[in-house]
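Just work.pdb here, PDB, C-alpha atoms:
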```
ATOM      1  CA  MET A 961     174.182 129.976 109.593
ATOM      2  CA  GLY A 962     171.185 131.183 111.524
ATOM      3  CA  SER A 963     169.248 128.008 110.642
ATOM      4  CA  THR A 964     172.003 125.671 111.875
ATOM      5  CA  ILE A 965     172.356 127.600 115.147
ATOM      6  CA  ALA A 966     168.626 127.334 115.786
ATOM      7  CA  LEU A 967     168.683 123.604 114.996
ATOM      8  CA  LYS A 968     171.621 123.039 117.370
ATOM      9  CA  ARG A 969     169.695 124.797 120.126
ATOM     10  CA  ARG A 970     166.594 122.688 119.476
ATOM     11  CA  ILE A 971     168.648 119.462 119.488
ATOM     12  CA  SER A 972     170.266 120.473 122.779
ATOM     13  CA  SER A 973     166.859 121.320 124.268
ATOM     14  CA  VAL A 974     165.324 117.988 123.217
ATOM     15  CA  LYS A 975     168.332 116.085 124.593
ATOM     16  CA  ASN A 976     167.878 117.790 127.958
ATOM     17  CA  THR A 977     164.199 116.871 127.922
ATOM     18  CA  ARG A 978     165.056 113.252 127.103
ATOM     19  CA  GLN A 979     167.430 113.118 130.058
ATOM     20  CA  ILE A 980     164.636 114.263 132.356
ATOM     21  CA  THR A 981     162.049 111.813 130.982
ATOM     22  CA  LYS A 982     164.584 108.977 131.118
ATOM     23  CA  ALA A 983     165.352 109.756 134.754
ATOM     24  CA  MET A 984     161.628 109.862 135.579
ATOM     25  CA  GLU A 985     161.161 106.540 133.773
ATOM     26  CA  LEU A 986     163.861 104.895 135.884
ATOM     27  CA  VAL A 987     162.456 106.336 139.118
ATOM     28  CA  SER A 988     158.946 105.147 138.260
ATOM     29  CA  ALA A 989     160.246 101.692 137.325
ATOM     30  CA  SER A 990     161.950 101.396 140.701
ATOM     31  CA  LYS A 991     158.841 102.495 142.584
ATOM     32  CA  MET A 992     156.614 100.340 140.398
ATOM     33  CA  ARG A 993     158.294  97.078 141.403
ATOM     34  CA  LYS A 994     157.719  97.677 145.085
ATOM     35  CA  ALA A 995     154.150  98.886 144.526
ATOM     36  CA  GLN A 996     153.377  95.805 142.421
ATOM     37  CA  GLU A 997     154.678  93.488 145.120
ATOM     38  CA  ASN A 998     152.560  95.216 147.762
ATOM     39  CA  ALA A 999     149.411  95.068 145.620
ATOM     40  CA  LYS A1000     149.836  91.421 144.646
ATOM     41  CA  ARG A1001     150.749  90.322 148.171
ATOM     42  CA  SER A1002     147.411  91.348 149.671
ATOM     43  CA  ARG A1003     145.132  90.867 146.639
ATOM     44  CA  GLU A1004     143.985  87.359 147.586
ATOM     45  CA  TYR A1005     143.208  88.505 151.127
ATOM     46  CA  GLN A1006     141.146  91.410 149.759
ATOM     47  CA  GLU A1007     139.151  89.100 147.500
ATOM     48  CA  LEU A1008     138.382  86.770 150.399
ATOM     49  CA  ALA A1009     137.454  89.729 152.592
ATOM     50  CA  TYR A1010     135.082  91.089 149.948
ATOM     51  CA  SER A1011     133.548  87.643 149.526
ATOM     52  CA  LEU A1012     133.006  87.448 153.279
ATOM     53  CA  LEU A1013     131.459  90.909 153.258
ATOM     54  CA  ALA A1014     129.054  89.761 150.557
ATOM     55  CA  ARG A1015     128.216  86.586 152.486
ATOM     56  CA  LEU A1016     127.429  88.542 155.606
ATOM     57  CA  SER A1017     125.147  90.857 153.657
ATOM     58  CA  ASN A1018     123.161  87.804 152.567
ATOM     59  CA  ILE A1019     122.278  86.802 156.143
ATOM     60  CA  ASP A1020     118.877  87.986 157.377
ATOM     61  CA  GLU A1021     120.150  88.933 160.842
ATOM     62  CA  VAL A1022     122.974  90.977 159.372
ATOM     63  CA  LYS A1023     120.708  92.812 156.912
ATOM     64  CA  ARG A1024     119.158  94.633 159.871
ATOM     65  CA  HIS A1025     122.537  95.990 160.957
ATOM     66  CA  PRO A1026     123.036  99.727 160.172
ATOM     67  CA  LEU A1027     126.059  98.997 157.952
ATOM     68  CA  PHE A1028     124.250  96.379 155.866
ATOM     69  CA  GLU A1029     120.807  97.882 155.727
ATOM     70  CA  GLU A1030     119.656  98.319 152.137
ATOM     71  CA  ARG A1031     117.753 101.525 151.444
ATOM     72  CA  LYS A1032     116.324 103.275 148.456
ATOM     73  CA  ILE A1033     119.251 105.152 146.959
ATOM     74  CA  LYS A1034     118.750 108.901 147.198
ATOM     75  CA  ASN A1035     122.299 109.923 148.087
ATOM     76  CA  LYS A1036     125.457 108.265 146.848
ATOM     77  CA  LEU A1037     129.019 108.765 148.102
ATOM     78  CA  TYR A1038     132.047 108.184 145.863
ATOM     79  CA  ILE A1039     135.649 107.766 146.972
ATOM     80  CA  SER A1040     137.884 108.742 144.057
ATOM     81  CA  ILE A1041     141.568 107.761 144.037
ATOM     82  CA  THR A1042     143.842 109.807 141.754
ATOM     83  CA  SER A1043     147.379 111.208 141.908
ATOM     84  CA  ASN A1044     148.821 114.507 143.058
ATOM     85  CA  SER A1045     150.666 115.078 139.783
ATOM     86  CA  GLY A1046     150.257 114.365 136.096
ATOM     87  CA  LEU A1047     152.635 112.850 133.529
ATOM     88  CA  ALA A1048     151.078 109.428 134.155
ATOM     89  CA  GLY A1049     149.375 108.820 130.843
ATOM     90  CA  ALA A1050     145.636 108.260 131.143
ATOM     91  CA  TYR A1051     145.785 107.187 134.792
ATOM     92  CA  ASN A1052     143.762 110.087 136.167
ATOM     93  CA  ALA A1053     141.589 110.542 133.076
ATOM     94  CA  ASN A1054     140.327 106.949 133.041
ATOM     95  CA  SER A1055     139.347 107.005 136.708
ATOM     96  CA  LEU A1056     137.704 110.427 136.521
ATOM     97  CA  LYS A1057     135.801 109.393 133.391
ATOM     98  CA  ILE A1058     134.108 106.589 135.342
ATOM     99  CA  LEU A1059     133.339 109.019 138.160
ATOM    100  CA  ALA A1060     131.860 111.568 135.737
ATOM    101  CA  HIS A1061     129.672 108.987 133.973
ATOM    102  CA  SER A1062     128.435 107.681 137.329
ATOM    103  CA  ILE A1063     127.505 111.178 138.502
ATOM    104  CA  ILE A1064     125.691 111.883 135.223
ATOM    105  CA  ASP A1065     123.774 108.627 135.627
ATOM    106  CA  ASP A1066     122.889 109.575 139.223
ATOM    107  CA  THR A1067     121.627 112.971 138.098
ATOM    108  CA  SER A1068     119.321 111.343 135.542
ATOM    109  CA  LYS A1069     117.881 109.227 138.371
ATOM    110  CA  ASN A1070     117.538 112.194 140.775
ATOM    111  CA  ILE A1071     120.261 110.819 143.035
ATOM    112  CA  SER A1072     122.474 113.315 144.867
ATOM    113  CA  SER A1073     126.222 112.710 144.555
ATOM    114  CA  SER A1074     128.937 113.357 147.137
ATOM    115  CA  VAL A1075     132.654 112.728 146.697
ATOM    116  CA  ILE A1076     135.709 112.148 148.865
ATOM    117  CA  THR A1077     138.872 112.564 146.811
ATOM    118  CA  ILE A1078     142.335 111.118 147.382
ATOM    119  CA  GLY A1079     144.815 113.038 145.226
ATOM    120  CA  LYS A1080     144.884 116.633 144.016
ATOM    121  CA  LYS A1081     143.890 115.799 140.449
ATOM    122  CA  GLY A1082     140.591 114.350 141.608
ATOM    123  CA  ALA A1083     139.942 117.333 143.873
ATOM    124  CA  GLN A1084     140.574 119.777 141.015
ATOM    125  CA  PHE A1085     138.184 117.872 138.762
ATOM    126  CA  VAL A1086     135.353 117.497 141.285
ATOM    127  CA  GLY A1087     135.748 121.123 142.339
ATOM    128  CA  ARG A1088     134.649 122.182 138.848
ATOM    129  CA  LEU A1089     131.498 120.042 138.878
ATOM    130  CA  LYS A1090     128.174 121.672 139.674
ATOM    131  CA  GLY A1091     125.744 120.037 142.051
ATOM    132  CA  VAL A1092     128.333 117.679 143.535
ATOM    133  CA  ASN A1093     129.127 117.851 147.249
ATOM    134  CA  LEU A1094     132.867 117.563 147.878
ATOM    135  CA  ILE A1095     132.964 116.206 151.432
ATOM    136  CA  ALA A1096     136.712 115.903 151.960
ATOM    137  CA  VAL A1097     140.008 116.175 150.074
ATOM    138  CA  TYR A1098     143.057 114.079 150.935
ATOM    139  CA  PRO A1099     146.419 114.367 149.174
ATOM    140  CA  ALA A1100     147.870 111.199 147.683
ATOM    141  CA  PHE A1101     149.481 109.224 150.492
ATOM    142  CA  GLY A1102     152.864 108.821 148.815
ATOM    143  CA  ASP A1103     154.785 105.656 148.006
ATOM    144  CA  ASN A1104     154.602 104.183 151.505
ATOM    145  CA  PRO A1105     151.020 104.592 152.770
ATOM    146  CA  THR A1106     150.036 103.220 156.153
ATOM    147  CA  PRO A1107     146.690 101.951 157.470
ATOM    148  CA  ASN A1108     146.546 105.054 159.657
ATOM    149  CA  ASP A1109     146.356 107.173 156.495
ATOM    150  CA  ILE A1110     142.993 105.710 155.528
ATOM    151  CA  ARG A1111     141.550 105.676 159.061
ATOM    152  CA  PRO A1112     139.922 109.153 158.756
ATOM    153  CA  ILE A1113     138.304 108.122 155.450
ATOM    154  CA  LEU A1114     137.046 104.870 156.959
ATOM    155  CA  ASN A1115     135.551 106.682 159.944
ATOM    156  CA  THR A1116     133.857 109.184 157.640
ATOM    157  CA  ILE A1117     132.183 106.653 155.352
ATOM    158  CA  ILE A1118     130.992 104.513 158.271
ATOM    159  CA  SER A1119     129.567 107.581 159.982
ATOM    160  CA  GLU A1120     127.884 108.804 156.781
ATOM    161  CA  TYR A1121     126.220 105.433 156.187
ATOM    162  CA  ARG A1122     125.222 104.817 159.810
ATOM    163  CA  GLU A1123     123.602 108.233 160.058
ATOM    164  CA  LYS A1124     121.777 107.600 156.748
ATOM    165  CA  LYS A1125     123.317 110.625 155.092
ATOM    166  CA  VAL A1126     124.199 108.390 152.138
ATOM    167  CA  ASP A1127     122.538 105.211 150.891
ATOM    168  CA  GLU A1128     125.432 103.726 148.909
ATOM    169  CA  ILE A1129     129.210 104.084 148.994
ATOM    170  CA  VAL A1130     131.319 103.378 145.910
ATOM    171  CA  ILE A1131     135.086 103.516 145.518
ATOM    172  CA  VAL A1132     136.564 104.426 142.107
ATOM    173  CA  PHE A1133     140.141 103.254 141.607
ATOM    174  CA  THR A1134     142.508 101.719 139.047
ATOM    175  CA  GLU A1135     143.248  98.015 139.265
ATOM    176  CA  TYR A1136     146.742  96.892 138.330
ATOM    177  CA  VAL A1137     146.670  93.973 135.855
ATOM    178  CA  SER A1138     150.106  94.158 134.232
ATOM    179  CA  ASN A1139     152.716  96.701 133.192
ATOM    180  CA  LEU A1140     150.723  97.372 130.034
ATOM    181  CA  VAL A1141     147.179  96.955 131.347
ATOM    182  CA  GLN A1142     145.559  98.936 134.169
ATOM    183  CA  THR A1143     141.794  99.006 134.483
ATOM    184  CA  ALA A1144     139.817 101.843 136.046
ATOM    185  CA  GLN A1145     136.748 100.509 137.841
ATOM    186  CA  SER A1146     134.252 101.109 140.614
ATOM    187  CA  LEU A1147     133.500  98.862 143.591
ATOM    188  CA  SER A1148     130.501  99.066 145.903
ATOM    189  CA  LEU A1149     131.543  99.125 149.552
ATOM    190  CA  LEU A1150     128.245  99.669 151.326
ATOM    191  CA  PRO A1151     125.902  97.958 151.124
ATOM    192  CA  ALA A1152     127.964  94.996 149.884
ATOM    193  CA  SER A1153     125.031  93.367 148.152
ATOM    194  CA  THR A1154     125.590  94.182 144.499
ATOM    195  CA  GLU A1155     125.306  91.523 141.813
ATOM    196  CA  GLU A1156     129.100  91.460 141.565
ATOM    197  CA  ALA A1157     129.388  90.811 145.288
ATOM    198  CA  LYS A1158     126.726  88.129 145.271
ATOM    199  CA  SER A1159     128.481  86.362 142.401
ATOM    200  CA  ARG A1160     131.465  85.830 144.710
ATOM    201  CA  ILE A1161     129.416  83.880 147.264
ATOM    202  CA  ASP A1162     130.372  80.223 146.879
ATOM    203  CA  TYR A1163     127.827  78.940 149.379
ATOM    204  CA  LYS A1164     124.907  80.143 151.453
ATOM    205  CA  TYR A1165     124.610  79.977 155.235
ATOM    206  CA  ASP A1166     121.614  77.908 156.250
ATOM    207  CA  PHE A1167     122.211  78.636 159.914
ATOM    208  CA  THR A1168     124.258  81.296 161.667
ATOM    209  CA  ASN A1169     125.015  81.913 165.294
ATOM    210  CA  PHE A1170     126.940  85.025 166.401
ATOM    211  CA  GLU A1171     128.695  85.192 169.759
ATOM    212  CA  PRO A1172     128.521  87.257 171.909
ATOM    213  CA  SER A1173     125.930  89.024 169.705
ATOM    214  CA  THR A1174     125.268  89.880 166.095
ATOM    215  CA  GLU A1175     125.717  93.615 166.771
ATOM    216  CA  GLU A1176     129.108  93.249 168.433
ATOM    217  CA  VAL A1177     130.482  90.822 165.873
ATOM    218  CA  ILE A1178     129.364  92.848 162.859
ATOM    219  CA  ASP A1179     130.565  96.137 164.356
ATOM    220  CA  SER A1180     134.055  94.688 164.665
ATOM    221  CA  VAL A1181     134.216  92.558 161.526
ATOM    222  CA  ALA A1182     132.560  94.955 159.078
ATOM    223  CA  GLU A1183     134.969  97.771 159.904
ATOM    224  CA  ARG A1184     137.985  95.518 159.308
ATOM    225  CA  LEU A1185     136.573  94.210 156.045
ATOM    226  CA  LEU A1186     135.859  97.731 154.767
ATOM    227  CA  GLU A1187     139.354  98.793 155.759
ATOM    228  CA  VAL A1188     140.771  95.970 153.634
ATOM    229  CA  GLN A1189     138.820  97.161 150.573
ATOM    230  CA  LEU A1190     140.057 100.728 150.962
ATOM    231  CA  TRP A1191     143.623  99.620 151.591
ATOM    232  CA  GLN A1192     143.779  97.293 148.586
ATOM    233  CA  SER A1193     142.207  99.895 146.296
ATOM    234  CA  LEU A1194     144.917 102.325 147.349
ATOM    235  CA  LEU A1195     147.693  99.777 146.685
ATOM    236  CA  GLU A1196     146.245  98.843 143.284
ATOM    237  CA  SER A1197     146.000 102.507 142.297
ATOM    238  CA  LEU A1198     149.557 103.190 143.413
ATOM    239  CA  ALA A1199     150.947 100.299 141.348
ATOM    240  CA  SER A1200     148.890 101.431 138.346
ATOM    241  CA  GLU A1201     150.071 105.022 138.670
ATOM    242  CA  HIS A1202     153.761 104.101 138.672
ATOM    243  CA  SER A1203     153.277 101.649 135.788
ATOM    244  CA  MET A1204     151.459 104.192 133.646
ATOM    245  CA  ARG A1205     153.957 106.941 134.487
ATOM    246  CA  MET A1206     156.856 104.651 133.588
ATOM    247  CA  MET A1207     155.275 103.816 130.209
ATOM    248  CA  ALA A1208     154.425 107.483 129.563
ATOM    249  CA  MET A1209     158.004 108.547 130.292
ATOM    250  CA  LYS A1210     159.377 105.700 128.159
ATOM    251  CA  ASN A1211     157.215 106.816 125.241
ATOM    252  CA  ALA A1212     158.315 110.411 125.800
ATOM    253  CA  SER A1213     161.984 109.359 125.790
ATOM    254  CA  ASP A1214     161.502 107.326 122.609
ATOM    255  CA  ASN A1215     159.714 110.225 120.917
ATOM    256  CA  ALA A1216     162.493 112.591 121.971
ATOM    257  CA  GLY A1217     165.026 110.223 120.396
ATOM    258  CA  ASP A1218     163.069 110.240 117.129
ATOM    259  CA  ILE A1219     162.897 114.047 117.165
ATOM    260  CA  ILE A1220     166.651 114.261 117.800
ATOM    261  CA  GLU A1221     167.315 111.998 114.812
ATOM    262  CA  ASP A1222     165.077 114.124 112.577
ATOM    263  CA  LEU A1223     166.626 117.371 113.780
ATOM    264  CA  THR A1224     170.161 115.973 113.376
ATOM    265  CA  LEU A1225     169.384 114.962 109.808
ATOM    266  CA  GLU A1226     167.935 118.407 109.130
ATOM    267  CA  PHE A1227     170.998 120.031 110.736
ATOM    268  CA  ASN A1228     173.412 117.981 108.628
ATOM    269  CA  THR A1229     171.421 118.779 105.490
ATOM    270  CA  ALA A1230     171.470 122.506 106.280
ATOM    271  CA  ARG A1231     175.180 122.423 107.084
ATOM    272  CA  GLN A1232     175.943 120.546 103.862
ATOM    273  CA  ALA A1233     173.881 123.039 101.905
ATOM    274  CA  GLY A1234     175.859 125.875 103.489
ATOM    275  CA  ILE A1235     179.176 124.225 102.629
ATOM    276  CA  THR A1236     178.039 123.620  99.060
ATOM    277  CA  ARG A1237     176.945 127.250  98.735
ATOM    278  CA  GLU A1238     180.286 128.523 100.048
ATOM    279  CA  LEU A1239     182.208 126.262  97.646
ATOM    280  CA  ALA A1240     180.086 127.535  94.768
ATOM    281  CA  GLU A1241     180.826 131.122  95.767
ATOM    282  CA  ILE A1242     184.552 130.425  95.975
ATOM    283  CA  SER A1243     184.527 128.696  92.592
ATOM    284  CA  GLY A1244     182.596 131.589  91.133
ATOM    285  CA  GLY A1245     185.107 134.058  92.553
ATOM    286  CA  VAL A1246     188.035 132.130  91.148
ATOM    287  CA  GLU A1247     186.448 132.024  87.713
ATOM    288  CA  ALA A1248     185.771 135.755  87.900
ATOM    289  CA  LEU A1249     189.439 136.461  88.673
ATOM    290  CA  LYS A1250     190.543 134.382  85.679
ATOM    291  CA  ASP A1251     188.408 136.531  83.427
TER     292      ASP A1251
END
```
If you took the structure in this file and wrote it as structure tokens, what would it be?
Amino acid sequence: MGSTIALKRRISSVKNTRQITKAMELVSASKMRKAQENAKRSREYQELAYSLLARLSNIDEVKRHPLFEERKIKNKLYISITSNSGLAGAYNANSLKILAHSIIDDTSKNISSSVITIGKKGAQFVGRLKGVNLIAVYPAFGDNPTPNDIRPILNTIISEYREKKVDEIVIVFTEYVSNLVQTAQSLSLLPASTEEAKSRIDYKYDFTNFEPSTEEVIDSVAERLLEVQLWQSLLESLASEHSMRMMAMKNASDNAGDIIEDLTLEFNTARQAGITRELAEISGGVEALKD
């Protein structure tokens, strides 16, 4: 009797857990659709903006601008995008793994590493690292971020690069590919002259003329182009987070269903064994009375 009672309690507990994971799966699926639409809608614009940023960095006049000046890398700044909460599969782990490997590589090259984190999970991880300067911590911006949310980050990275406090700025985020595939990656923001950026240049400017001046044009354009990269990285990460959380909750619900089936079978077996034992006792008692 005690065994069947314990099994009934476990079945009830697992059913309650499955209800929670199923509800979280449905919520994530609803949020995922909107996040996917937002990410896909602006992806082409971001790619063109990054291509333009790379083209500008290939112009001799622009290379002398403070935001495009290439220097020997002694200090590197990372912007890490994670979530505030877990239960999203390997979403946070994949992104933080790239960040950790990059910092280890920097250390081997005597490069100092600084980090700006978006999301509590990233802040908790970086806070445990030795020798890494955590410049700022921002909570995840929720399901409906606005350009104003990233404005403080944009101002910080531009200031850090202009004042030569850092020599390279890299953003680590998760790109949404499909419901089943999300790829954690890093993208160089400043200077935008990496091999990846140069590979996106489809032609070279033989002659350029900036009006009213190179300084004024680049000051205005570069800030907008950098804002686009930050904004798209945030949208991609948000879509990836909801997709991975939906799949994680779906797997959890499926696993809970399998456990319920196993426990139900075990419960029925135990109950049948109890009934058989009671029948045997009754039969034995009847036979004893006959004697």
For atom CA of A:Arg1122 and atom CA of A:Leu1149, determine how far apart the two atoms are, in Å to one decimal place. 13.3 Å
List the neighbours of stretch 1143-1148 of chain A out to 7 Å using all atoms listed in the file; skip same-chain residues closer than 3 positions along the sequence, and give me the result as a PyMOL selection string. chain A and resi 1054-1055+1129-1136+1152
Output C-alpha atoms for every residue in that selection, as a PDB file, keeping the file's coordinate frame.
```pdb
ATOM      1  CA  ASN A1054     140.327 106.949 133.041  1.00  0.00           C
ATOM      2  CA  SER A1055     139.347 107.005 136.708  1.00  0.00           C
ATOM      3  CA  ILE A1129     129.210 104.084 148.994  1.00  0.00           C
ATOM      4  CA  VAL A1130     131.319 103.378 145.910  1.00  0.00           C
ATOM      5  CA  ILE A1131     135.086 103.516 145.518  1.00  0.00           C
ATOM      6  CA  VAL A1132     136.564 104.426 142.107  1.00  0.00           C
ATOM      7  CA  PHE A1133     140.141 103.254 141.607  1.00  0.00           C
ATOM      8  CA  THR A1134     142.508 101.719 139.047  1.00  0.00           C
ATOM      9  CA  GLU A1135     143.248  98.015 139.265  1.00  0.00           C
ATOM     10  CA  TYR A1136     146.742  96.892 138.330  1.00  0.00           C
ATOM     11  CA  ALA A1152     127.964  94.996 149.884  1.00  0.00           C
TER      12      ALA A1152
END
```
Tell me which residues the PyMOL selection byres ((chain A and resi 1008) around 12) grabs here, as a VMD selection string. chain A and resid 1002 to 1007 1009 to 1015 1157 1160 to 1162 1185 1188 to 1189 1192
Only C-alpha atoms, please: the residues just picked out, written as an mmCIF file, in the coordinates of the input.
```cif
data_model
loop_
_atom_site.group_PDB
_atom_site.id
_atom_site.type_symbol
_atom_site.label_atom_id
_atom_site.label_comp_id
_atom_site.auth_asym_id
_atom_site.auth_seq_id
_atom_site.Cartn_x
_atom_site.Cartn_y
_atom_site.Cartn_z
ATOM 1 C CA SER A 1002 147.411 91.348 149.671
ATOM 2 C CA ARG A 1003 145.132 90.867 146.639
ATOM 3 C CA GLU A 1004 143.985 87.359 147.586
ATOM 4 C CA TYR A 1005 143.208 88.505 151.127
ATOM 5 C CA GLN A 1006 141.146 91.410 149.759
ATOM 6 C CA GLU A 1007 139.151 89.100 147.500
ATOM 7 C CA ALA A 1009 137.454 89.729 152.592
ATOM 8 C CA TYR A 1010 135.082 91.089 149.948
ATOM 9 C CA SER A 1011 133.548 87.643 149.526
ATOM 10 C CA LEU A 1012 133.006 87.448 153.279
ATOM 11 C CA LEU A 1013 131.459 90.909 153.258
ATOM 12 C CA ALA A 1014 129.054 89.761 150.557
ATOM 13 C CA ARG A 1015 128.216 86.586 152.486
ATOM 14 C CA ALA A 1157 129.388 90.811 145.288
ATOM 15 C CA ARG A 1160 131.465 85.830 144.710
ATOM 16 C CA ILE A 1161 129.416 83.880 147.264
ATOM 17 C CA ASP A 1162 130.372 80.223 146.879
ATOM 18 C CA LEU A 1185 136.573 94.210 156.045
ATOM 19 C CA VAL A 1188 140.771 95.970 153.634
ATOM 20 C CA GLN A 1189 138.820 97.161 150.573
ATOM 21 C CA GLN A 1192 143.779 97.293 148.586
#
```
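Selection around (168.8, 127.8, 107.2) with radius 10 Å, counting only C-alpha atoms, yields the residues Met961, Gly962, Ser963, Thr964, Ile965, Ala966, Leu967, Glu1226, Phe1227, Thr1229, Ala1230, Arg1231, Ala1233 and Gly1234 of chain A.
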Of A:Ser1119, A:Asp1066, A:Leu1249, A:Thr1042, the one sitting nearest A:Gln1084 when using all atoms listed in the file is A:Thr1042
When the PyMOL selection byres ((chain A and resi 1050) around 10) is applied to the structure above, which residues does it catch, written out as an MDAnalysis selection string? chainID A and resid 1046:1049 1051:1056 1142 1144 1201 1204:1205 1208
Just-selected residues, C-alpha atoms written as a PDB file, keeping the file's coordinate frame:
```
ATOM      1  CA  GLY A1046     150.257 114.365 136.096  1.00  0.00           C
ATOM      2  CA  LEU A1047     152.635 112.850 133.529  1.00  0.00           C
ATOM      3  CA  ALA A1048     151.078 109.428 134.155  1.00  0.00           C
ATOM      4  CA  GLY A1049     149.375 108.820 130.843  1.00  0.00           C
ATOM      5  CA  TYR A1051     145.785 107.187 134.792  1.00  0.00           C
ATOM      6  CA  ASN A1052     143.762 110.087 136.167  1.00  0.00           C
ATOM      7  CA  ALA A1053     141.589 110.542 133.076  1.00  0.00           C
ATOM      8  CA  ASN A1054     140.327 106.949 133.041  1.00  0.00           C
ATOM      9  CA  SER A1055     139.347 107.005 136.708  1.00  0.00           C
ATOM     10  CA  LEU A1056     137.704 110.427 136.521  1.00  0.00           C
ATOM     11  CA  GLN A1142     145.559  98.936 134.169  1.00  0.00           C
ATOM     12  CA  ALA A1144     139.817 101.843 136.046  1.00  0.00           C
ATOM     13  CA  GLU A1201     150.071 105.022 138.670  1.00  0.00           C
ATOM     14  CA  MET A1204     151.459 104.192 133.646  1.00  0.00           C
ATOM     15  CA  ARG A1205     153.957 106.941 134.487  1.00  0.00           C
ATOM     16  CA  ALA A1208     154.425 107.483 129.563  1.00  0.00           C
TER      17      ALA A1208
END
```
If you count all atoms listed in the file, which residues fall within 7 Å of stretch 984-993 of chain A, apart from same-chain ones fewer than 5 positions away, as a PDB file with C-alpha atoms, keeping the file's coordinate frame?
```
ATOM      1  CA  ALA A1199     150.947 100.299 141.348  1.00  0.00           C
ATOM      2  CA  HIS A1202     153.761 104.101 138.672  1.00  0.00           C
ATOM      3  CA  SER A1203     153.277 101.649 135.788  1.00  0.00           C
ATOM      4  CA  ARG A1205     153.957 106.941 134.487  1.00  0.00           C
ATOM      5  CA  MET A1206     156.856 104.651 133.588  1.00  0.00           C
ATOM      6  CA  MET A1209     158.004 108.547 130.292  1.00  0.00           C
ATOM      7  CA  LYS A1210     159.377 105.700 128.159  1.00  0.00           C
TER       8      LYS A1210
END
```
Output of the PyMOL selection byres ((chain A and resi 1182) around 10), listed as a compact mmCIF listing (two decimals) with C-alpha atoms, in the frame of the given file:
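Result written to out_27.txt:
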```
# COMPACT_ATOMS: atom_id res chain seq x y z
CA ALA A 1009 137.45 89.73 152.59
CA LEU A 1012 133.01 87.45 153.28
CA LEU A 1013 131.46 90.91 153.26
CA LEU A 1016 127.43 88.54 155.61
CA LEU A 1027 126.06 99.00 157.95
CA PHE A 1028 124.25 96.38 155.87
CA ILE A 1118 130.99 104.51 158.27
CA VAL A 1177 130.48 90.82 165.87
CA ILE A 1178 129.36 92.85 162.86
CA ASP A 1179 130.56 96.14 164.36
CA SER A 1180 134.06 94.69 164.66
CA VAL A 1181 134.22 92.56 161.53
CA GLU A 1183 134.97 97.77 159.90
CA ARG A 1184 137.99 95.52 159.31
CA LEU A 1185 136.57 94.21 156.04
CA LEU A 1186 135.86 97.73 154.77
CA GLU A 1187 139.35 98.79 155.76
CA VAL A 1188 140.77 95.97 153.63
```
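Straight-line separation from atom CA of A:Ala1216 to atom CA of A:Lys1057: 29.2 Å.
Going from atom CA of A:Ile1117 to atom CA of A:Asp1103 covers 23.8 Å.
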Given all atoms listed in the file as the basis, pick out the residue of A:Thr1236, A:Ser1043, A:Ser1243, A:Ser1213 nearest to A:Ile980. A:Ser1213
Please produce stretch 1136-1147 of chain A, completed to N, CA and C atoms, as a short mmCIF file (atom, residue, chain, number, x, y, z; two decimals), keeping the file's coordinate frame.
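New file selection_31.cif:
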```cif
data_model
loop_
_atom_site.label_atom_id
_atom_site.label_comp_id
_atom_site.auth_asym_id
_atom_site.auth_seq_id
_atom_site.Cartn_x
_atom_site.Cartn_y
_atom_site.Cartn_z
N TYR A 1136 145.53 97.26 139.05
CA TYR A 1136 146.74 96.89 138.33
C TYR A 1136 146.59 95.47 137.80
N VAL A 1137 146.74 95.29 136.49
CA VAL A 1137 146.67 93.97 135.85
C VAL A 1137 148.06 93.54 135.40
N SER A 1138 148.74 94.41 134.68
CA SER A 1138 150.11 94.16 134.23
C SER A 1138 150.76 95.50 133.94
N ASN A 1139 152.02 95.45 133.51
CA ASN A 1139 152.72 96.70 133.19
C ASN A 1139 152.04 97.47 132.07
N LEU A 1140 151.36 96.73 131.19
CA LEU A 1140 150.72 97.37 130.03
C LEU A 1140 149.23 97.57 130.20
N VAL A 1141 148.64 96.91 131.18
CA VAL A 1141 147.18 96.96 131.35
C VAL A 1141 146.83 97.37 132.77
N GLN A 1142 146.10 98.48 132.89
CA GLN A 1142 145.56 98.94 134.17
C GLN A 1142 144.11 99.33 133.92
N THR A 1143 143.22 98.84 134.74
CA THR A 1143 141.79 99.01 134.48
C THR A 1143 141.14 99.87 135.55
N ALA A 1144 140.58 101.00 135.13
CA ALA A 1144 139.82 101.84 136.05
C ALA A 1144 138.45 101.20 136.28
N GLN A 1145 138.01 101.15 137.53
CA GLN A 1145 136.75 100.51 137.84
C GLN A 1145 136.16 101.07 139.12
N SER A 1146 134.92 100.69 139.39
CA SER A 1146 134.25 101.11 140.61
C SER A 1146 133.83 99.86 141.39
N LEU A 1147 133.83 99.98 142.72
CA LEU A 1147 133.50 98.86 143.59
C LEU A 1147 132.57 99.36 144.69
#
```
